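File shown here: final-v4.cif, holding mmCIF, C-alpha atoms and all ligand atoms.
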data_protein
loop_
_atom_site.label_atom_id
_atom_site.label_comp_id
_atom_site.auth_asym_id
_atom_site.auth_seq_id
_atom_site.Cartn_x
_atom_site.Cartn_y
_atom_site.Cartn_z
CA MET A 1 0.00 0.00 0.00
CA ASN A 2 1.28 3.46 -0.97
CA LYS A 3 4.59 1.91 -2.04
CA GLY A 4 6.89 4.58 -3.33
CA LEU A 5 4.26 7.26 -2.78
CA LEU A 6 4.97 10.36 -0.73
CA SER A 7 2.33 11.51 1.75
CA VAL A 8 0.73 14.92 1.24
CA ASP A 9 2.13 16.11 4.57
CA ASP A 10 5.68 14.99 3.79
CA ALA A 11 5.54 16.67 0.39
CA LEU A 12 4.22 19.85 1.99
CA LYS A 13 6.96 19.81 4.60
CA LEU A 14 9.62 19.50 1.90
CA LEU A 15 8.07 22.29 -0.14
CA LEU A 16 7.68 24.68 2.77
CA SER A 17 11.21 24.05 3.99
CA GLU A 18 12.40 25.62 0.72
CA ALA A 19 10.04 28.60 0.55
CA ARG A 20 11.26 32.00 1.78
CA PRO A 21 9.45 35.34 1.85
CA VAL A 22 10.52 37.65 -0.98
CA ALA A 23 13.22 39.97 0.29
CA ASP A 24 11.83 43.23 -1.08
CA VAL A 25 9.50 45.32 1.03
CA GLU A 26 7.71 48.36 -0.32
CA GLU A 27 6.05 51.21 1.54
CA LEU A 28 2.59 51.28 0.02
CA ALA A 29 -0.27 53.75 0.50
CA THR A 30 -2.62 52.24 3.09
CA LEU A 31 -5.44 52.86 0.64
CA GLU A 32 -3.77 50.43 -1.82
CA ALA A 33 -2.63 47.84 0.71
CA THR A 34 -5.68 45.58 1.02
CA GLY A 35 -4.73 42.06 -0.05
CA ARG A 36 -1.01 42.57 0.50
CA VAL A 37 1.06 40.99 3.27
CA LEU A 38 2.35 43.20 6.05
CA ALA A 39 6.13 42.98 6.41
CA ARG A 40 6.48 44.53 9.88
CA ALA A 41 4.18 44.68 12.89
CA GLN A 42 2.41 48.01 13.31
CA ARG A 43 1.88 49.80 16.61
CA SER A 44 -0.47 52.61 17.33
CA THR A 45 1.13 56.01 17.93
CA MET A 46 -2.06 57.29 19.53
CA ASP A 47 -4.93 56.41 21.81
CA VAL A 48 -8.21 55.48 20.15
CA PRO A 49 -10.50 57.19 20.76
CA PRO A 50 -8.09 60.10 21.20
CA MET A 51 -10.44 61.84 23.67
CA ASP A 52 -13.42 60.91 25.85
CA ASN A 53 -16.41 61.20 23.55
CA SER A 54 -20.12 60.60 23.55
CA ALA A 55 -21.52 57.25 22.40
CA MET A 56 -25.02 58.73 22.06
CA ASP A 57 -27.00 61.76 21.06
CA GLY A 58 -28.06 63.23 24.41
CA TYR A 59 -26.85 65.42 27.26
CA ALA A 60 -23.48 65.53 28.99
CA VAL A 61 -23.95 65.91 32.74
CA ARG A 62 -22.14 65.70 36.05
CA VAL A 63 -23.75 62.81 37.94
CA SER A 64 -23.32 64.50 41.35
CA ASP A 65 -25.43 67.46 40.07
CA LEU A 66 -28.37 65.07 39.82
CA LYS A 67 -28.51 64.29 43.55
CA GLY A 68 -31.83 65.65 44.79
CA LYS A 69 -32.87 67.32 41.50
CA ASN A 70 -33.33 66.21 37.93
CA SER A 71 -33.49 69.46 36.01
CA LEU A 72 -30.35 71.07 34.54
CA LYS A 73 -29.74 74.20 32.50
CA VAL A 74 -28.59 73.50 28.96
CA SER A 75 -25.63 75.82 28.60
CA GLN A 76 -23.97 74.71 25.34
CA LYS A 77 -24.23 72.48 22.30
CA ILE A 78 -21.32 70.25 21.21
CA MET A 79 -21.29 68.65 17.76
CA ALA A 80 -18.89 65.94 16.55
CA GLY A 81 -15.73 67.70 15.41
CA SER A 82 -16.00 70.62 17.84
CA VAL A 83 -14.77 71.04 21.41
CA GLY A 84 -17.03 72.43 24.12
CA LYS A 85 -16.32 74.59 27.13
CA PRO A 86 -15.94 73.12 30.63
CA LEU A 87 -19.34 72.17 32.05
CA GLU A 88 -20.76 74.75 34.44
CA PRO A 89 -21.89 73.51 37.89
CA GLY A 90 -25.53 72.41 37.61
CA GLY A 91 -25.39 72.64 33.85
CA ALA A 92 -25.82 70.19 31.00
CA ALA A 93 -24.43 70.21 27.46
CA ARG A 94 -26.41 69.11 24.47
CA ILE A 95 -24.06 66.60 22.82
CA PHE A 96 -24.01 64.41 19.73
CA THR A 97 -22.45 61.02 18.99
CA GLY A 98 -18.67 61.26 18.63
CA ALA A 99 -18.43 64.75 20.12
CA PRO A 100 -15.81 65.28 22.86
CA VAL A 101 -17.19 65.14 26.38
CA PRO A 102 -16.71 68.57 27.98
CA GLN A 103 -14.40 68.90 30.91
CA GLY A 104 -16.31 68.25 34.15
CA ALA A 105 -18.99 66.00 32.66
CA ASP A 106 -18.89 62.38 33.75
CA ALA A 107 -21.90 60.78 32.03
CA ILE A 108 -24.11 61.12 29.00
CA VAL A 109 -27.87 60.82 29.30
CA MET A 110 -29.35 59.54 26.07
CA GLN A 111 -31.92 61.93 24.64
CA GLU A 112 -34.66 59.28 24.90
CA HIS A 113 -34.36 59.61 28.69
CA CYS A 114 -34.74 63.41 28.70
CA THR A 115 -37.49 65.96 28.35
CA VAL A 116 -36.69 69.49 27.24
CA GLU A 117 -38.48 72.33 29.01
CA GLY A 118 -37.37 75.71 27.68
CA ASP A 119 -33.67 76.06 28.43
CA GLN A 120 -33.85 73.20 30.94
CA VAL A 121 -33.42 69.50 30.40
CA VAL A 122 -35.29 67.13 32.72
CA VAL A 123 -33.37 63.89 33.25
CA ASN A 124 -35.87 61.05 33.66
CA LYS A 125 -33.31 58.37 34.31
CA ILE A 126 -30.23 59.08 36.44
CA PRO A 127 -27.16 57.81 34.60
CA LYS A 128 -24.41 55.70 36.07
CA LEU A 129 -20.93 57.22 36.29
CA HIS A 130 -19.26 57.20 32.80
CA GLU A 131 -22.41 55.94 31.13
CA TRP A 132 -22.31 56.31 27.30
CA ILE A 133 -18.81 57.78 27.40
CA ARG A 134 -16.22 56.17 25.18
CA ARG A 135 -13.08 56.56 27.21
CA THR A 136 -9.76 57.70 25.77
CA GLY A 137 -7.73 54.67 24.64
CA SER A 138 -10.52 52.22 25.40
CA ASP A 139 -10.32 50.78 21.89
CA ILE A 140 -6.57 51.01 21.25
CA ARG A 141 -3.84 52.05 23.67
CA LYS A 142 -1.00 54.17 22.39
CA GLY A 143 1.99 51.87 21.71
CA SER A 144 0.01 48.64 21.43
CA GLU A 145 0.36 46.35 18.41
CA ILE A 146 -2.55 46.65 16.03
CA LEU A 147 -1.40 44.41 13.14
CA GLY A 148 1.14 41.59 13.23
CA ALA A 149 3.91 40.97 10.71
CA GLY A 150 2.92 38.41 8.09
CA LYS A 151 -0.74 39.31 8.17
CA ARG A 152 -2.55 39.46 4.87
CA LEU A 153 -4.37 42.75 5.02
CA GLU A 154 -8.11 42.55 4.73
CA PRO A 155 -10.29 45.64 4.25
CA GLN A 156 -10.91 45.90 8.00
CA ASP A 157 -7.13 45.85 8.62
CA THR A 158 -6.36 48.77 6.35
CA GLY A 159 -9.32 50.52 7.99
CA LEU A 160 -7.79 49.88 11.38
CA ALA A 161 -4.39 51.17 10.21
CA ALA A 162 -6.06 54.31 8.89
CA SER A 163 -7.92 54.81 12.18
CA VAL A 164 -4.58 55.42 13.89
CA GLY A 165 -3.41 57.68 11.10
CA LEU A 166 -1.08 55.33 9.19
CA ARG A 167 -0.87 56.72 5.68
CA THR A 168 1.46 54.00 4.35
CA LEU A 169 2.27 50.41 5.30
CA PRO A 170 5.35 48.24 4.65
CA VAL A 171 4.26 45.25 2.54
CA TYR A 172 6.12 42.51 0.72
CA ARG A 173 6.36 43.06 -2.99
CA LYS A 174 4.08 40.92 -5.12
CA VAL A 175 5.31 37.47 -6.03
CA ARG A 176 5.99 37.07 -9.75
CA LEU A 177 4.32 33.87 -10.75
CA GLY A 178 4.98 32.38 -14.18
CA LEU A 179 2.50 30.01 -15.76
CA PHE A 180 2.66 27.80 -18.81
CA PHE A 181 0.61 24.93 -20.08
CA THR A 182 2.10 21.97 -21.89
CA GLY A 183 0.24 19.88 -24.45
CA ASP A 184 0.00 19.70 -28.23
CA GLU A 185 -3.70 18.99 -27.82
CA LEU A 186 -4.47 22.40 -26.29
CA VAL A 187 -6.29 25.21 -28.02
CA MET A 188 -7.81 28.42 -26.70
CA PRO A 189 -11.54 29.11 -26.67
CA GLY A 190 -12.33 30.96 -29.90
CA GLU A 191 -10.05 28.75 -31.97
CA PRO A 192 -11.53 25.86 -33.93
CA LEU A 193 -11.51 22.62 -32.00
CA ALA A 194 -9.93 20.19 -34.46
CA PRO A 195 -10.42 16.48 -33.84
CA GLY A 196 -8.38 15.32 -30.86
CA ARG A 197 -7.97 18.81 -29.47
CA ILE A 198 -9.24 20.16 -26.13
CA TYR A 199 -9.59 23.61 -24.71
CA ASN A 200 -6.89 24.86 -22.41
CA SER A 201 -9.11 25.16 -19.35
CA ASN A 202 -6.16 25.00 -16.94
CA ARG A 203 -5.01 28.37 -18.16
CA PHE A 204 -8.20 29.92 -16.85
CA THR A 205 -8.31 28.00 -13.59
CA LEU A 206 -4.66 28.46 -12.69
CA ARG A 207 -4.43 32.06 -13.81
CA GLY A 208 -7.60 32.82 -11.87
CA LEU A 209 -6.06 31.23 -8.79
CA ALA A 210 -2.81 33.15 -9.23
CA GLU A 211 -4.77 36.38 -9.48
CA THR A 212 -6.95 35.46 -6.52
CA PHE A 213 -3.72 35.19 -4.54
CA ARG A 214 -2.66 38.59 -5.87
CA CYS A 215 0.40 37.48 -7.75
CA GLU A 216 1.98 39.43 -10.53
CA VAL A 217 1.18 36.86 -13.21
CA ARG A 218 3.40 36.15 -16.23
CA ASP A 219 1.42 33.89 -18.52
CA TYR A 220 3.54 32.18 -21.19
CA GLY A 221 0.56 30.37 -22.68
CA ILE A 222 0.60 27.01 -24.40
CA VAL A 223 3.95 25.30 -24.86
CA PRO A 224 4.21 22.48 -27.39
CA ASP A 225 5.29 19.01 -26.30
CA SER A 226 8.94 19.35 -27.23
CA LEU A 227 12.09 19.44 -25.16
CA GLU A 228 13.48 22.54 -26.86
CA ALA A 229 10.27 24.57 -26.54
CA THR A 230 9.93 23.61 -22.89
CA ARG A 231 13.56 24.47 -22.11
CA GLU A 232 13.27 27.79 -23.84
CA VAL A 233 10.20 28.96 -21.96
CA LEU A 234 11.72 27.73 -18.70
CA ARG A 235 14.82 29.84 -19.26
CA ARG A 236 12.74 32.89 -20.01
CA ALA A 237 10.39 32.38 -17.07
CA ALA A 238 13.26 31.70 -14.68
CA GLY A 239 14.72 35.12 -15.49
CA GLU A 240 11.43 36.88 -14.83
CA CYS A 241 9.69 34.98 -12.01
CA ASP A 242 9.99 33.89 -8.40
CA LEU A 243 7.91 30.80 -9.00
CA ILE A 244 6.99 28.90 -12.15
CA VAL A 245 3.85 26.75 -12.13
CA THR A 246 2.96 24.54 -15.06
CA SER A 247 0.30 22.02 -15.95
CA GLY A 248 0.78 18.74 -17.77
CA GLY A 249 3.80 16.88 -19.02
CA VAL A 250 4.87 15.55 -15.63
CA SER A 251 3.79 11.96 -16.17
CA VAL A 252 6.39 9.66 -17.64
CA GLY A 253 4.86 9.31 -21.07
CA GLU A 254 6.64 9.91 -24.35
CA ALA A 255 5.22 13.41 -24.66
CA ASP A 256 6.16 14.49 -21.15
CA PHE A 257 9.04 16.89 -21.48
CA VAL A 258 8.79 18.82 -18.26
CA LYS A 259 11.07 16.49 -16.34
CA PRO A 260 13.97 16.43 -18.81
CA ALA A 261 13.58 20.16 -19.51
CA VAL A 262 13.76 21.21 -15.85
CA GLU A 263 16.63 18.78 -15.26
CA ALA A 264 18.52 20.29 -18.19
CA GLU A 265 17.95 23.89 -17.03
CA GLY A 266 18.08 23.34 -13.28
CA SER A 267 17.24 20.62 -10.81
CA LEU A 268 14.10 18.62 -10.19
CA LEU A 269 12.45 16.24 -7.76
CA MET A 270 9.67 14.09 -9.15
CA TRP A 271 7.10 13.02 -6.61
CA ARG A 272 4.32 10.52 -6.76
CA ILE A 273 1.97 11.66 -4.05
CA ALA A 274 -0.50 9.52 -2.17
CA MET A 275 -3.43 11.77 -2.97
CA LYS A 276 -6.49 11.70 -5.15
CA PRO A 277 -6.85 13.57 -7.35
CA GLY A 278 -3.21 14.41 -7.87
CA ARG A 279 -0.39 11.94 -7.85
CA PRO A 280 2.40 13.33 -10.06
CA LEU A 281 3.98 16.53 -8.86
CA ALA A 282 7.33 18.01 -9.79
CA PHE A 283 9.31 20.38 -7.63
CA GLY A 284 12.53 22.01 -8.63
CA ARG A 285 14.57 25.10 -9.35
CA VAL A 286 15.61 26.88 -12.48
CA GLY A 287 18.07 29.66 -11.77
CA ARG A 288 16.63 31.71 -8.91
CA ALA A 289 13.07 30.60 -9.59
CA PHE A 290 11.29 27.73 -7.96
CA PHE A 291 9.37 25.34 -10.15
CA ILE A 292 6.20 23.40 -9.36
CA GLY A 293 4.85 21.16 -12.11
CA LEU A 294 1.22 20.17 -11.67
CA PRO A 295 -0.56 17.30 -13.41
CA GLY A 296 -2.41 18.17 -16.64
CA ASN A 297 -5.70 16.76 -15.57
CA PRO A 298 -7.93 19.77 -14.82
CA VAL A 299 -9.28 18.62 -11.44
CA SER A 300 -5.84 17.43 -10.37
CA SER A 301 -4.13 20.67 -11.29
CA PHE A 302 -6.82 22.66 -9.46
CA VAL A 303 -6.60 20.57 -6.30
CA THR A 304 -2.80 20.31 -6.28
CA PHE A 305 -2.58 24.08 -6.71
CA LEU A 306 -4.72 24.52 -3.60
CA VAL A 307 -2.93 21.85 -1.59
CA PHE A 308 0.70 22.59 -2.58
CA VAL A 309 1.14 25.79 -4.58
CA ARG A 310 -1.11 27.79 -2.26
CA PRO A 311 0.95 27.29 0.94
CA PHE A 312 4.23 27.62 -0.95
CA LEU A 313 3.01 30.84 -2.49
CA LEU A 314 1.66 32.21 0.79
CA LYS A 315 4.98 31.62 2.49
CA THR A 316 6.82 33.26 -0.43
CA GLN A 317 4.45 36.22 -0.08
CA GLY A 318 5.48 36.52 3.57
CA SER A 319 2.22 35.27 5.00
CA GLU A 320 2.40 33.82 8.53
CA LYS A 321 -0.57 31.56 8.06
CA THR A 322 -0.11 28.98 5.31
CA SER A 323 -2.54 26.23 6.31
CA PRO A 324 -6.22 26.83 5.66
CA THR A 325 -8.75 26.78 8.48
CA VAL A 326 -10.43 23.38 8.48
CA ILE A 327 -14.09 23.28 9.38
CA ALA A 328 -15.76 20.27 11.00
CA ALA A 329 -18.92 19.58 9.03
CA ARG A 330 -21.52 16.86 8.74
CA ALA A 331 -21.39 14.54 5.74
CA ASP A 332 -24.85 13.90 4.31
CA PHE A 333 -23.42 11.22 2.07
CA ASP A 334 -21.79 7.81 2.22
CA TRP A 335 -18.28 7.22 0.92
CA PRO A 336 -17.98 3.48 1.45
CA GLN A 337 -14.85 2.58 -0.56
CA PRO A 338 -11.65 3.15 1.43
CA ASP A 339 -8.76 4.40 -0.71
CA PRO A 340 -5.15 4.10 0.39
CA ARG A 341 -4.59 7.66 -0.87
CA ARG A 342 -5.71 10.86 0.84
CA GLU A 343 -8.73 12.10 -1.05
CA PHE A 344 -10.02 15.60 -1.71
CA LEU A 345 -13.72 15.21 -2.45
CA ARG A 346 -15.77 17.88 -4.16
CA VAL A 347 -18.73 18.74 -1.92
CA LYS A 348 -21.36 21.42 -1.48
CA TRP A 349 -23.42 22.72 1.46
CA ASN A 350 -27.06 21.74 1.48
CA SER A 351 -29.84 23.74 3.14
CA GLN A 352 -29.75 21.46 6.20
CA GLY A 353 -26.20 22.58 6.96
CA GLY A 354 -24.65 19.30 5.81
CA LEU A 355 -22.42 18.45 2.88
CA GLU A 356 -23.52 16.79 -0.37
CA LEU A 357 -21.12 14.90 -2.60
CA TYR A 358 -20.79 15.50 -6.33
CA PRO A 359 -21.94 12.21 -7.88
CA THR A 360 -18.78 11.58 -9.89
CA GLN A 361 -15.46 12.16 -8.22
CA ASP A 362 -13.57 11.26 -11.39
CA SER A 363 -10.62 13.59 -11.70
CA ALA A 364 -11.39 14.46 -15.31
CA VAL A 365 -14.77 15.99 -14.40
CA LEU A 366 -14.07 19.68 -13.99
CA ALA A 367 -17.77 20.41 -13.47
CA SER A 368 -17.43 18.92 -9.98
CA THR A 369 -15.10 21.73 -8.92
CA SER A 370 -17.44 24.40 -10.21
CA TRP A 371 -20.49 22.81 -8.56
CA ALA A 372 -18.70 22.46 -5.23
CA ASP A 373 -18.30 24.87 -2.29
CA GLY A 374 -15.06 23.21 -1.27
CA LEU A 375 -13.22 19.97 -0.60
CA VAL A 376 -13.52 17.28 2.02
CA ASP A 377 -10.07 16.24 3.18
CA ASN A 378 -10.50 12.49 3.67
CA PRO A 379 -7.58 10.63 5.30
CA PRO A 380 -6.10 7.54 3.61
CA GLY A 381 -8.14 4.37 4.08
CA HIS A 382 -11.05 6.27 5.61
CA VAL A 383 -14.70 5.44 5.03
CA ILE A 384 -17.40 8.09 5.50
CA ARG A 385 -20.89 7.27 6.77
CA LYS A 386 -23.88 9.58 6.51
CA GLY A 387 -23.88 11.81 9.62
CA ASP A 388 -20.12 11.56 10.22
CA SER A 389 -18.13 14.67 10.97
CA VAL A 390 -15.60 15.34 8.22
CA LYS A 391 -12.81 17.87 7.61
CA PHE A 392 -14.13 20.48 5.21
CA LEU A 393 -11.98 23.00 3.35
CA PRO A 394 -14.34 25.64 1.94
CA TYR A 395 -13.13 27.57 -1.08
CA SER A 396 -13.66 30.71 0.97
CA GLU A 397 -10.86 29.50 3.29
CA LEU A 398 -8.69 28.08 0.55
CA TYR A 399 -8.81 31.35 -1.37
CA ARG A 400 -7.27 33.44 1.39
P1 LIG B 501 -0.68 15.25 -19.01
O1 LIG B 501 -0.35 15.38 -17.55
O2 LIG B 501 0.02 16.21 -19.87
O3 LIG B 501 -0.50 13.83 -19.44
O4 LIG B 501 -2.22 15.56 -19.14
C1 LIG B 501 -3.20 14.78 -18.48
C2 LIG B 501 -4.58 15.07 -19.00
O5 LIG B 501 -4.92 16.40 -18.78
C3 LIG B 501 -4.70 14.88 -20.51
O6 LIG B 501 -5.98 14.30 -20.79
C4 LIG B 501 -4.62 16.27 -21.06
O7 LIG B 501 -5.28 16.41 -22.29
C5 LIG B 501 -5.28 17.07 -19.98
N1 LIG B 501 -4.75 18.42 -19.96
C6 LIG B 501 -3.43 18.74 -19.96
N2 LIG B 501 -3.27 20.08 -19.96
C7 LIG B 501 -4.52 20.61 -19.94
C8 LIG B 501 -5.01 21.95 -19.93
N3 LIG B 501 -4.16 23.00 -19.92
N4 LIG B 501 -6.34 22.15 -19.92
C9 LIG B 501 -7.18 21.10 -19.92
N5 LIG B 501 -6.77 19.81 -19.93
C10 LIG B 501 -5.46 19.55 -19.94
MG MG B 502 0.48 16.37 -21.87
#
As structure tokens, please, write out the structure in this file.
Amino acid sequence: MNKGLLSVDDALKLLLSEARPVADVEELATLEATGRVLARAQRSTMDVPPMDNSAMDGYAVRVSDLKGKNSLKVSQKIMAGSVGKPLEPGGAARIFTGAPVPQGADAIVMQEHCTVEGDQVVVNKIPKLHEWIRRTGSDIRKGSEILGAGKRLEPQDTGLAASVGLRTLPVYRKVRLGLFFTGDELVMPGEPLAPGRIYNSNRFTLRGLAETFRCEVRDYGIVPDSLEATREVLRRAAGECDLIVTSGGVSVGEADFVKPAVEAEGSLLMWRIAMKPGRPLAFGRVGRAFFIGLPGNPVSSFVTFLVFVRPFLLKTQGSEKTSPTVIAARADFDWPQPDPRREFLRVKWNSQGGLELYPTQDSAVLASTSWADGLVDNPPGHVIRKGDSVKFLPYSELYR
């Protein structure tokens, strides 16, 4: 069983032991930094909020003024963006959400708990000390870390950086990812499909993935099944890219030139991996570029990209987190045939909160990947019964 096959985890370990974050860091406008990976931890140079301010539209009061009486004279009005005068004894300030609390006030009474009578406000509910006041630094303390190094910046992260006034952020430069697709049978949509030909669907899937992961993509297109053509594009790509990813030509058939080409231009390890779909995977180096050769089969190249290229790429991008979050989910299907290889099954949520299985798990059926919401990671030799908890990798997790 699994003779001569490498486990997914061992292959991943080998891959990740070679990956290094790109050395170059650029200082990018915070407004442009969403999706990029932060190169250095960021600390706040200020308290947030920077001053005590009102969490409500209402009246700023001094709680001790409300002992024995509940009517106060409204002596000023403070809008967000303006600063009021110190609160007079026995006085109240009309105040709006976000406006600074005037000196001397120690609570806000929400306007729903007040009645206005001429220039007086009647407080119908005595506030607790500091009620509805957002205290200085209660959200972020000056000097505290707000974003860790290696974090991929999501919209809320750049928002957070902006909230403490950071105009630029240090991020790793984009990874230059080269793609090419081997196979004399390949044509592009729009070209006539002569007998024996197929459309180059991998170009769309893999380029889409590379763009999803915010690479700077160099797409070298279709490369014919010849040693010279493969060597030539490898040389070119190696001079321009950090990582070269290809599809097809890594089996050991007569038309598989990836292995000899990478060996001639650099160095290569050929792996047969105990996974399904997947199996052949090539890992090597050409010049300064790394090389990962995926199988040609469309489902296999898609899955192996997510399982192997994704973490390698994330680490090269400087990302701290390279393994996707696995979600425990209920299988609403049976998978009765144990397979000695680790399987990645195409599944979809149903409306009962369980997972349905695409009826054919054949690795040539690309429709399964499009139908699915993600992959079940099924360990080698494991049978699934309806109702079992399984390890689910949603696309939404795999794509970040
Ligand atoms: P290979 O690994 O080159 O032997 O290819 C395995 C299978 O995947 C063959 O049936 C190929 O026709 C198919 N294939 C290879 N490259 C692509 C591609 N770019 N798009 C769609 N199918 C492909
Ligand atoms: Mg081929």
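Nearest-residue note for Val37 (chain A): choosing from A:Asp332, A:Glu145, A:Glu228, A:Glu154, the minimum distance belongs to A:Glu154, counting all atoms listed in the file.
Among the candidate residues A:Phe257, A:Tyr172, A:Phe204, A:Phe180, the one lying nearest to ligand MG 502 (chain B) is A:Phe257, with distances computed using only C-alpha atoms and all ligand atoms.
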Exercise for review: Around ligand MG 502 (chain B), at most 7 Å away and counting all atoms listed in the file, which residues are there? Put them as a PyMOL selection string, please.
Suggested key: chain A and resi 182-183+248-249+255-256+296
Review point. Which residues form the shell of 8 Å around ligand LIG 501 (chain B) when you count only C-alpha atoms and all ligand atoms, given as a ChimeraX atom specification?
Key: /A:181-183,185-186,198-203,222,247-251,253,255-256,294-298,364
Point to revise | Interatomic distance (Å, one decimal) between CA of Tyr358 (chain A) and CA of Leu345 (chain A) | key: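 Rounded to one decimal, the two atoms are 8.1 Å apart.
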Point to revise | Gap from CA of Glu240 (chain A) to CA of Arg288 (chain A) - Å, one decimal | key: 9.4 Å
Exercise for review: May I ask for the distance between CA of Val286 (chain A) and CA of Gly35 (chain A), given in Å to one decimal place?
Suggested key: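 Result for CA of Val286 (chain A) versus CA of Gly35 (chain A): 28.3 Å, one decimal.
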Exercise for review: List every protein, DNA or RNA residue that has at least one atom no more than 10 Å from (-29.1, 64.2, 39.8) in the file's coordinates, counting all atoms listed in the file, and write the result as an MDAnalysis selection string.
Suggested key: chainID A and resid 61:72 90 122:127
Would you put the residues from that selection into a file with C-alpha atoms, as a short mmCIF file (atom, residue, chain, number, x, y, z; two decimals), in the frame of the given file?
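Wrote it out as result36.cif, contents follow:
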data_model
loop_
_atom_site.label_atom_id
_atom_site.label_comp_id
_atom_site.auth_asym_id
_atom_site.auth_seq_id
_atom_site.Cartn_x
_atom_site.Cartn_y
_atom_site.Cartn_z
CA VAL A 61 -23.95 65.91 32.74
CA ARG A 62 -22.14 65.70 36.05
CA VAL A 63 -23.75 62.81 37.94
CA SER A 64 -23.32 64.50 41.35
CA ASP A 65 -25.43 67.46 40.07
CA LEU A 66 -28.37 65.07 39.82
CA LYS A 67 -28.51 64.29 43.55
CA GLY A 68 -31.83 65.65 44.79
CA LYS A 69 -32.87 67.32 41.50
CA ASN A 70 -33.33 66.21 37.93
CA SER A 71 -33.49 69.46 36.01
CA LEU A 72 -30.35 71.07 34.54
CA GLY A 90 -25.53 72.41 37.61
CA VAL A 122 -35.29 67.13 32.72
CA VAL A 123 -33.37 63.89 33.25
CA ASN A 124 -35.87 61.05 33.66
CA LYS A 125 -33.31 58.37 34.31
CA ILE A 126 -30.23 59.08 36.44
CA PRO A 127 -27.16 57.81 34.60
#
Review point. Quick one: residues within 12 Å of Glu18 (chain A), only C-alpha atoms counted, chain neighbours fewer than 2 positions away excluded, as a PyMOL selection string?
Key: chain A and resi 11-16+20-21+243+283-285+289-291+311-313+315-316
Check your understanding: Nearest to Leu177 (chain A) among A:His113, A:Arg36, A:Arg218, A:Arg236, with distances taken over all atoms listed in the file: which residue is it?
Key ->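 Between A:His113, A:Arg36, A:Arg218, A:Arg236, the residue approaching Leu177 (chain A) most closely is A:Arg218.
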Practice item. Considering all atoms listed in the file, return as number ranges by chain whatever protein or nucleic-acid residues lie within 10 Å of region 333-341 of chain A, sequence-local ones (same chain, fewer than 2 positions apart) excluded. Key: A: 1-2, 5-8, 273-279, 330-331, 343-345, 347, 354-358, 378-388
**Study point:** For Thr158 (chain A), the nearest of the candidates A:Ser44, A:Thr30, A:Thr304, A:Ser368, counting all atoms listed in the file
**Key:**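 Nearest candidate to Thr158 (chain A) out of A:Ser44, A:Thr30, A:Thr304, A:Ser368: A:Thr30.
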